[in-house]
file target-v3.cif (mmCIF, N, CA and C atoms)
data_query
loop_
_atom_site.label_atom_id
_atom_site.label_comp_id
_atom_site.auth_asym_id
_atom_site.auth_seq_id
_atom_site.Cartn_x
_atom_site.Cartn_y
_atom_site.Cartn_z
N MET A 28 0.85 -1.16 0.00
CA MET A 28 0.00 0.00 0.00
C MET A 28 0.90 1.23 0.00
N LYS A 29 0.69 2.09 -0.99
CA LYS A 29 1.53 3.28 -1.10
C LYS A 29 0.66 4.47 -1.54
N PRO A 30 0.28 5.33 -0.59
CA PRO A 30 -0.50 6.51 -0.98
C PRO A 30 0.37 7.49 -1.76
N ILE A 31 -0.23 8.19 -2.69
CA ILE A 31 0.53 9.13 -3.51
C ILE A 31 0.18 10.57 -3.16
N ASN A 32 1.06 11.45 -3.57
CA ASN A 32 0.91 12.89 -3.37
C ASN A 32 0.71 13.26 -1.90
N LYS A 33 -0.30 14.04 -1.60
CA LYS A 33 -0.51 14.58 -0.25
C LYS A 33 -1.54 13.78 0.56
N TYR A 34 -1.85 12.55 0.11
CA TYR A 34 -2.80 11.72 0.83
C TYR A 34 -2.11 10.95 1.95
N ILE A 35 -2.88 10.69 3.02
CA ILE A 35 -2.36 9.99 4.19
C ILE A 35 -3.36 8.91 4.57
N ILE A 36 -2.88 7.71 4.85
CA ILE A 36 -3.74 6.63 5.31
C ILE A 36 -3.61 6.53 6.83
N VAL A 37 -4.75 6.56 7.52
CA VAL A 37 -4.77 6.53 8.99
C VAL A 37 -5.77 5.49 9.47
N THR A 38 -5.62 5.12 10.74
CA THR A 38 -6.63 4.30 11.42
C THR A 38 -7.13 5.11 12.62
N PRO A 39 -8.44 5.27 12.72
CA PRO A 39 -9.00 6.04 13.83
C PRO A 39 -8.69 5.40 15.18
N VAL A 40 -8.50 6.25 16.19
CA VAL A 40 -8.25 5.81 17.55
C VAL A 40 -9.55 5.97 18.34
N MET A 41 -10.02 4.87 18.92
CA MET A 41 -11.21 4.93 19.76
C MET A 41 -10.76 5.27 21.17
N GLU A 42 -11.29 6.35 21.69
CA GLU A 42 -10.89 6.76 23.03
C GLU A 42 -12.12 7.17 23.83
N GLU A 43 -12.03 7.02 25.13
CA GLU A 43 -13.09 7.49 26.01
C GLU A 43 -12.92 8.99 26.20
N LEU A 44 -13.99 9.72 25.97
CA LEU A 44 -13.94 11.16 26.15
C LEU A 44 -14.64 11.53 27.44
N LYS A 45 -13.96 12.33 28.25
CA LYS A 45 -14.50 12.75 29.54
C LYS A 45 -14.59 14.27 29.60
N THR A 46 -15.58 14.75 30.34
CA THR A 46 -15.67 16.18 30.62
C THR A 46 -14.68 16.50 31.73
N GLU A 47 -14.49 17.77 32.02
CA GLU A 47 -13.58 18.17 33.09
C GLU A 47 -14.03 17.63 34.44
N SER A 48 -15.34 17.45 34.60
CA SER A 48 -15.84 16.93 35.88
C SER A 48 -15.77 15.41 35.97
N GLY A 49 -15.35 14.75 34.88
CA GLY A 49 -15.16 13.31 34.92
C GLY A 49 -16.28 12.49 34.31
N LEU A 50 -17.31 13.13 33.74
CA LEU A 50 -18.40 12.40 33.11
C LEU A 50 -17.96 11.86 31.75
N LEU A 51 -18.29 10.61 31.47
CA LEU A 51 -17.97 10.02 30.18
C LEU A 51 -18.99 10.46 29.14
N LEU A 52 -18.50 10.82 27.95
CA LEU A 52 -19.39 11.20 26.87
C LEU A 52 -19.79 9.96 26.08
N SER A 53 -21.02 9.93 25.61
CA SER A 53 -21.48 8.81 24.79
C SER A 53 -20.87 8.92 23.39
N GLN A 54 -20.95 7.84 22.61
CA GLN A 54 -20.43 7.87 21.24
C GLN A 54 -21.18 8.89 20.40
N THR A 55 -22.47 9.09 20.68
CA THR A 55 -23.26 10.10 19.96
C THR A 55 -22.72 11.49 20.24
N ASP A 56 -22.41 11.77 21.49
CA ASP A 56 -21.84 13.08 21.84
C ASP A 56 -20.45 13.24 21.26
N ALA A 57 -19.66 12.20 21.29
CA ALA A 57 -18.30 12.25 20.76
C ALA A 57 -18.32 12.46 19.25
N PHE A 58 -19.34 11.93 18.58
CA PHE A 58 -19.44 12.08 17.13
C PHE A 58 -19.68 13.53 16.73
N ALA A 59 -20.20 14.34 17.65
CA ALA A 59 -20.48 15.75 17.36
C ALA A 59 -19.20 16.58 17.21
N PHE A 60 -18.08 16.10 17.73
CA PHE A 60 -16.83 16.83 17.58
C PHE A 60 -16.37 16.81 16.12
N ARG A 61 -15.84 17.91 15.67
CA ARG A 61 -15.43 18.02 14.27
C ARG A 61 -14.15 17.23 13.98
N TYR A 62 -13.26 17.15 14.95
CA TYR A 62 -11.96 16.54 14.71
C TYR A 62 -11.86 15.17 15.38
N LYS A 63 -11.21 14.24 14.69
CA LYS A 63 -11.04 12.89 15.20
C LYS A 63 -9.55 12.59 15.35
N LYS A 64 -9.25 11.68 16.25
CA LYS A 64 -7.87 11.26 16.52
C LYS A 64 -7.57 9.99 15.72
N ALA A 65 -6.35 9.91 15.17
CA ALA A 65 -5.98 8.74 14.39
C ALA A 65 -4.47 8.52 14.44
N THR A 66 -4.07 7.29 14.11
CA THR A 66 -2.66 6.94 13.98
C THR A 66 -2.33 6.82 12.50
N VAL A 67 -1.23 7.43 12.10
CA VAL A 67 -0.82 7.41 10.69
C VAL A 67 -0.25 6.04 10.35
N VAL A 68 -0.82 5.42 9.33
CA VAL A 68 -0.32 4.13 8.85
C VAL A 68 0.76 4.37 7.81
N LYS A 69 0.46 5.25 6.85
CA LYS A 69 1.42 5.52 5.77
C LYS A 69 1.14 6.90 5.18
N PRO A 70 2.14 7.80 5.20
CA PRO A 70 1.97 9.10 4.55
C PRO A 70 2.23 8.99 3.05
N GLY A 71 1.68 9.92 2.29
CA GLY A 71 1.85 9.93 0.85
C GLY A 71 3.27 10.32 0.43
N THR A 72 3.53 10.22 -0.86
CA THR A 72 4.87 10.44 -1.40
C THR A 72 5.33 11.89 -1.27
N LEU A 73 4.40 12.85 -1.19
CA LEU A 73 4.77 14.27 -1.08
C LEU A 73 4.57 14.84 0.32
N VAL A 74 4.30 13.99 1.31
CA VAL A 74 4.10 14.45 2.68
C VAL A 74 5.44 14.42 3.41
N ASP A 75 5.90 15.59 3.89
CA ASP A 75 7.21 15.68 4.52
C ASP A 75 7.17 15.73 6.05
N THR A 76 6.14 16.34 6.62
CA THR A 76 6.14 16.61 8.05
C THR A 76 5.47 15.54 8.90
N ILE A 77 4.72 14.64 8.29
CA ILE A 77 4.00 13.61 9.03
C ILE A 77 4.60 12.25 8.68
N LYS A 78 4.89 11.48 9.71
CA LYS A 78 5.55 10.17 9.53
C LYS A 78 4.63 9.03 9.98
N SER A 79 4.93 7.83 9.56
CA SER A 79 4.19 6.64 10.02
C SER A 79 4.30 6.54 11.54
N GLY A 80 3.19 6.22 12.19
CA GLY A 80 3.18 6.09 13.64
C GLY A 80 2.80 7.36 14.38
N ASP A 81 2.80 8.52 13.70
CA ASP A 81 2.37 9.76 14.34
C ASP A 81 0.90 9.67 14.70
N VAL A 82 0.52 10.34 15.77
CA VAL A 82 -0.88 10.46 16.15
C VAL A 82 -1.32 11.86 15.74
N VAL A 83 -2.44 11.94 15.02
CA VAL A 83 -2.91 13.21 14.48
C VAL A 83 -4.38 13.41 14.78
N TYR A 84 -4.80 14.66 14.72
CA TYR A 84 -6.22 15.01 14.72
C TYR A 84 -6.52 15.54 13.33
N TYR A 85 -7.63 15.08 12.74
CA TYR A 85 -7.98 15.47 11.38
C TYR A 85 -9.45 15.87 11.30
N ASP A 86 -9.79 16.62 10.27
CA ASP A 86 -11.16 17.06 10.03
C ASP A 86 -11.95 15.88 9.49
N LYS A 87 -12.88 15.36 10.28
CA LYS A 87 -13.59 14.14 9.89
C LYS A 87 -14.50 14.36 8.69
N ALA A 88 -14.89 15.59 8.41
CA ALA A 88 -15.76 15.86 7.27
C ALA A 88 -15.04 15.65 5.94
N GLN A 89 -13.72 15.69 5.95
CA GLN A 89 -12.94 15.54 4.73
C GLN A 89 -12.37 14.14 4.55
N ALA A 90 -12.70 13.22 5.43
CA ALA A 90 -12.13 11.88 5.41
C ALA A 90 -12.98 10.93 4.57
N HIS A 91 -12.31 9.91 4.02
CA HIS A 91 -12.98 8.88 3.23
C HIS A 91 -12.52 7.52 3.72
N GLU A 92 -13.48 6.63 3.95
CA GLU A 92 -13.14 5.30 4.43
C GLU A 92 -12.95 4.35 3.25
N VAL A 93 -11.91 3.53 3.32
CA VAL A 93 -11.64 2.54 2.28
C VAL A 93 -11.33 1.20 2.95
N ILE A 94 -11.54 0.13 2.22
CA ILE A 94 -11.20 -1.20 2.71
C ILE A 94 -10.11 -1.75 1.81
N ILE A 95 -8.97 -2.07 2.42
CA ILE A 95 -7.83 -2.63 1.70
C ILE A 95 -7.45 -3.94 2.38
N ASN A 96 -7.44 -5.02 1.62
CA ASN A 96 -7.14 -6.36 2.17
C ASN A 96 -7.99 -6.68 3.39
N ASP A 97 -9.29 -6.43 3.29
CA ASP A 97 -10.27 -6.72 4.34
C ASP A 97 -10.04 -5.92 5.62
N GLN A 98 -9.31 -4.84 5.55
CA GLN A 98 -9.08 -3.96 6.70
C GLN A 98 -9.58 -2.56 6.35
N SER A 99 -10.25 -1.93 7.29
CA SER A 99 -10.79 -0.59 7.08
C SER A 99 -9.76 0.48 7.44
N TYR A 100 -9.58 1.44 6.55
CA TYR A 100 -8.68 2.57 6.76
C TYR A 100 -9.42 3.86 6.43
N VAL A 101 -8.85 4.97 6.84
CA VAL A 101 -9.38 6.28 6.49
C VAL A 101 -8.31 7.01 5.69
N VAL A 102 -8.73 7.63 4.58
CA VAL A 102 -7.81 8.38 3.74
C VAL A 102 -8.13 9.87 3.91
N ILE A 103 -7.10 10.63 4.24
CA ILE A 103 -7.24 12.08 4.40
C ILE A 103 -6.15 12.77 3.59
N GLN A 104 -6.26 14.08 3.47
CA GLN A 104 -5.21 14.84 2.83
C GLN A 104 -4.40 15.56 3.90
N GLU A 105 -3.17 15.88 3.58
CA GLU A 105 -2.29 16.55 4.53
C GLU A 105 -2.90 17.84 5.05
N ARG A 106 -3.58 18.57 4.19
CA ARG A 106 -4.17 19.85 4.60
C ARG A 106 -5.29 19.70 5.64
N ASP A 107 -5.85 18.48 5.79
CA ASP A 107 -6.93 18.25 6.75
C ASP A 107 -6.41 17.87 8.13
N VAL A 108 -5.12 17.71 8.29
CA VAL A 108 -4.53 17.43 9.59
C VAL A 108 -4.37 18.77 10.33
N VAL A 109 -4.91 18.81 11.55
CA VAL A 109 -4.86 20.06 12.30
C VAL A 109 -3.85 20.02 13.45
N VAL A 110 -3.55 18.80 13.96
CA VAL A 110 -2.61 18.67 15.07
C VAL A 110 -1.83 17.37 14.90
N VAL A 111 -0.52 17.42 15.13
CA VAL A 111 0.30 16.22 15.19
C VAL A 111 0.83 16.12 16.61
N LEU A 112 0.57 15.00 17.27
CA LEU A 112 1.03 14.84 18.66
C LEU A 112 2.40 14.21 18.69
#
call {"tool": "encode", "arguments": {"input": "target-v3.cif", "output": "structure tokens"}}
result
Amino acid sequence: MKPINKYIIVTPVMEELKTESGLLLSQTDAFAFRYKKATVVKPGTLVDTIKSGDVVYYDKAQAHEVIINDQSYVVIQERDVVVVL
């Protein structure tokens, strides 16, 4: 698998989201957030600043899900990454 240009293949990270007071948010509430957390599987050929294994937050509205070899991945563009941890 080799993404080209500025595309990045990621796998979403499922995490428990808590409020400051310690209440757990439901998946419905968590879905309302615009940005999602993911681990980079493979950056595209023209992506310089993001490496495999990086954890990123991306704009979920710009993401596309694909299935490669019976595994689900998300494809985003470099410009849709807002934070690299």
call {"tool": "residues_around", "arguments": {"input": "target-v3.cif", "residues": "His91 (chain A)", "least_positions_apart": "5", "cutoff": "6 Å", "atoms": "all atoms listed in the file", "output": "list in words"}}
result
Tyr100, Val101, Val102 and Ile103 of chain A
call {"tool": "resolve_selection", "arguments": {"input": "target-v3.cif", "expression": "the PyMOL selection byres ((chain A and resi 40) around 6)", "output": "list in words"}}
result
Thr38, Pro39, Met41, Glu42, Lys64, Ala65 and Thr66 of chain A
call {"tool": "atom_distance", "arguments": {"input": "target-v3.cif", "atom1": "CA of Val111 (chain A)", "atom2": "atom C of Val82 (chain A)"}}
result
4.7 Å
call {"tool": "resolve_selection", "arguments": {"input": "target-v3.cif", "expression": "the PyMOL selection byres (((chain A and resi 110 and name CA) around 10) and name CA)", "output": "list in words"}}
result
Tyr62, Lys64, Val82, Val83, Tyr84, Tyr85, Asp107, Val108, Val109, Val111 and Leu112 of chain A
call {"tool": "resolve_selection", "arguments": {"input": "target-v3.cif", "expression": "the PyMOL selection byres ((chain A and resi 72-77) around 6)", "output": "compact mmCIF listing (two decimals) with N, CA and C atoms, in the coordinates of the input"}}
result
# COMPACT_ATOMS: atom_id res chain seq x y z
N PRO A 30 0.28 5.33 -0.59
CA PRO A 30 -0.50 6.51 -0.98
C PRO A 30 0.37 7.49 -1.76
N ILE A 31 -0.23 8.19 -2.69
CA ILE A 31 0.53 9.13 -3.51
C ILE A 31 0.18 10.57 -3.16
N ASN A 32 1.06 11.45 -3.57
CA ASN A 32 0.91 12.89 -3.37
C ASN A 32 0.71 13.26 -1.90
N LYS A 33 -0.30 14.04 -1.60
CA LYS A 33 -0.51 14.58 -0.25
C LYS A 33 -1.54 13.78 0.56
N TYR A 34 -1.85 12.55 0.11
CA TYR A 34 -2.80 11.72 0.83
C TYR A 34 -2.11 10.95 1.95
N PRO A 70 2.14 7.80 5.20
CA PRO A 70 1.97 9.10 4.55
C PRO A 70 2.23 8.99 3.05
N GLY A 71 1.68 9.92 2.29
CA GLY A 71 1.85 9.93 0.85
C GLY A 71 3.27 10.32 0.43
N LYS A 78 4.89 11.48 9.71
CA LYS A 78 5.55 10.17 9.53
C LYS A 78 4.63 9.03 9.98
N SER A 79 4.93 7.83 9.56
CA SER A 79 4.19 6.64 10.02
C SER A 79 4.30 6.54 11.54
call {"tool": "atom_distance", "arguments": {"input": "target-v3.cif", "atom1": "atom C of Arg106 (chain A)", "atom2": "atom N of Met28 (chain A)"}}
result
22.5 Å
call {"tool": "decode", "arguments": {"input": "target-v3.cif", "residues": "region 44-62 of chain A", "atoms": "N, CA and C atoms", "output": "PDB file, in the first residue's frame"}}
result
ATOM      1  N   LEU A  44     -13.989   9.720  25.970  1.00  0.00           N
ATOM      2  CA  LEU A  44     -13.936  11.164  26.150  1.00  0.00           C
ATOM      3  C   LEU A  44     -14.642  11.532  27.441  1.00  0.00           C
ATOM      4  N   LYS A  45     -13.962  12.335  28.250  1.00  0.00           N
ATOM      5  CA  LYS A  45     -14.505  12.754  29.540  1.00  0.00           C
ATOM      6  C   LYS A  45     -14.593  14.271  29.596  1.00  0.00           C
ATOM      7  N   THR A  46     -15.579  14.752  30.337  1.00  0.00           N
ATOM      8  CA  THR A  46     -15.668  16.175  30.618  1.00  0.00           C
ATOM      9  C   THR A  46     -14.682  16.504  31.730  1.00  0.00           C
ATOM     10  N   GLU A  47     -14.494  17.774  32.016  1.00  0.00           N
ATOM     11  CA  GLU A  47     -13.582  18.169  33.089  1.00  0.00           C
ATOM     12  C   GLU A  47     -14.027  17.632  34.444  1.00  0.00           C
ATOM     13  N   SER A  48     -15.338  17.446  34.600  1.00  0.00           N
ATOM     14  CA  SER A  48     -15.836  16.931  35.876  1.00  0.00           C
ATOM     15  C   SER A  48     -15.770  15.411  35.965  1.00  0.00           C
ATOM     16  N   GLY A  49     -15.346  14.747  34.879  1.00  0.00           N
ATOM     17  CA  GLY A  49     -15.164  13.309  34.922  1.00  0.00           C
ATOM     18  C   GLY A  49     -16.283  12.495  34.307  1.00  0.00           C
ATOM     19  N   LEU A  50     -17.308  13.131  33.739  1.00  0.00           N
ATOM     20  CA  LEU A  50     -18.401  12.400  33.111  1.00  0.00           C
ATOM     21  C   LEU A  50     -17.957  11.864  31.750  1.00  0.00           C
ATOM     22  N   LEU A  51     -18.295  10.611  31.468  1.00  0.00           N
ATOM     23  CA  LEU A  51     -17.970  10.017  30.176  1.00  0.00           C
ATOM     24  C   LEU A  51     -18.991  10.462  29.141  1.00  0.00           C
ATOM     25  N   LEU A  52     -18.499  10.821  27.954  1.00  0.00           N
ATOM     26  CA  LEU A  52     -19.393  11.201  26.867  1.00  0.00           C
ATOM     27  C   LEU A  52     -19.788   9.957  26.080  1.00  0.00           C
ATOM     28  N   SER A  53     -21.019   9.932  25.605  1.00  0.00           N
ATOM     29  CA  SER A  53     -21.477   8.812  24.787  1.00  0.00           C
ATOM     30  C   SER A  53     -20.870   8.923  23.392  1.00  0.00           C
ATOM     31  N   GLN A  54     -20.947   7.842  22.612  1.00  0.00           N
ATOM     32  CA  GLN A  54     -20.430   7.868  21.242  1.00  0.00           C
ATOM     33  C   GLN A  54     -21.180   8.894  20.404  1.00  0.00           C
ATOM     34  N   THR A  55     -22.467   9.092  20.681  1.00  0.00           N
ATOM     35  CA  THR A  55     -23.255  10.097  19.958  1.00  0.00           C
ATOM     36  C   THR A  55     -22.717  11.489  20.235  1.00  0.00           C
ATOM     37  N   ASP A  56     -22.405  11.770  21.492  1.00  0.00           N
ATOM     38  CA  ASP A  56     -21.838  13.076  21.842  1.00  0.00           C
ATOM     39  C   ASP A  56     -20.448  13.241  21.262  1.00  0.00           C
ATOM     40  N   ALA A  57     -19.659  12.198  21.293  1.00  0.00           N
ATOM     41  CA  ALA A  57     -18.301  12.254  20.761  1.00  0.00           C
ATOM     42  C   ALA A  57     -18.320  12.463  19.249  1.00  0.00           C
ATOM     43  N   PHE A  58     -19.339  11.933  18.577  1.00  0.00           N
ATOM     44  CA  PHE A  58     -19.443  12.082  17.127  1.00  0.00           C
ATOM     45  C   PHE A  58     -19.677  13.535  16.734  1.00  0.00           C
ATOM     46  N   ALA A  59     -20.200  14.343  17.654  1.00  0.00           N
ATOM     47  CA  ALA A  59     -20.478  15.746  17.364  1.00  0.00           C
ATOM     48  C   ALA A  59     -19.201  16.579  17.205  1.00  0.00           C
ATOM     49  N   PHE A  60     -18.085  16.098  17.727  1.00  0.00           N
ATOM     50  CA  PHE A  60     -16.826  16.831  17.576  1.00  0.00           C
ATOM     51  C   PHE A  60     -16.375  16.808  16.122  1.00  0.00           C
ATOM     52  N   ARG A  61     -15.838  17.907  15.670  1.00  0.00           N
ATOM     53  CA  ARG A  61     -15.427  18.017  14.272  1.00  0.00           C
ATOM     54  C   ARG A  61     -14.149  17.234  13.979  1.00  0.00           C
ATOM     55  N   TYR A  62     -13.258  17.152  14.948  1.00  0.00           N
ATOM     56  CA  TYR A  62     -11.957  16.536  14.706  1.00  0.00           C
ATOM     57  C   TYR A  62     -11.865  15.172  15.376  1.00  0.00           C
TER      58      TYR A  62
END
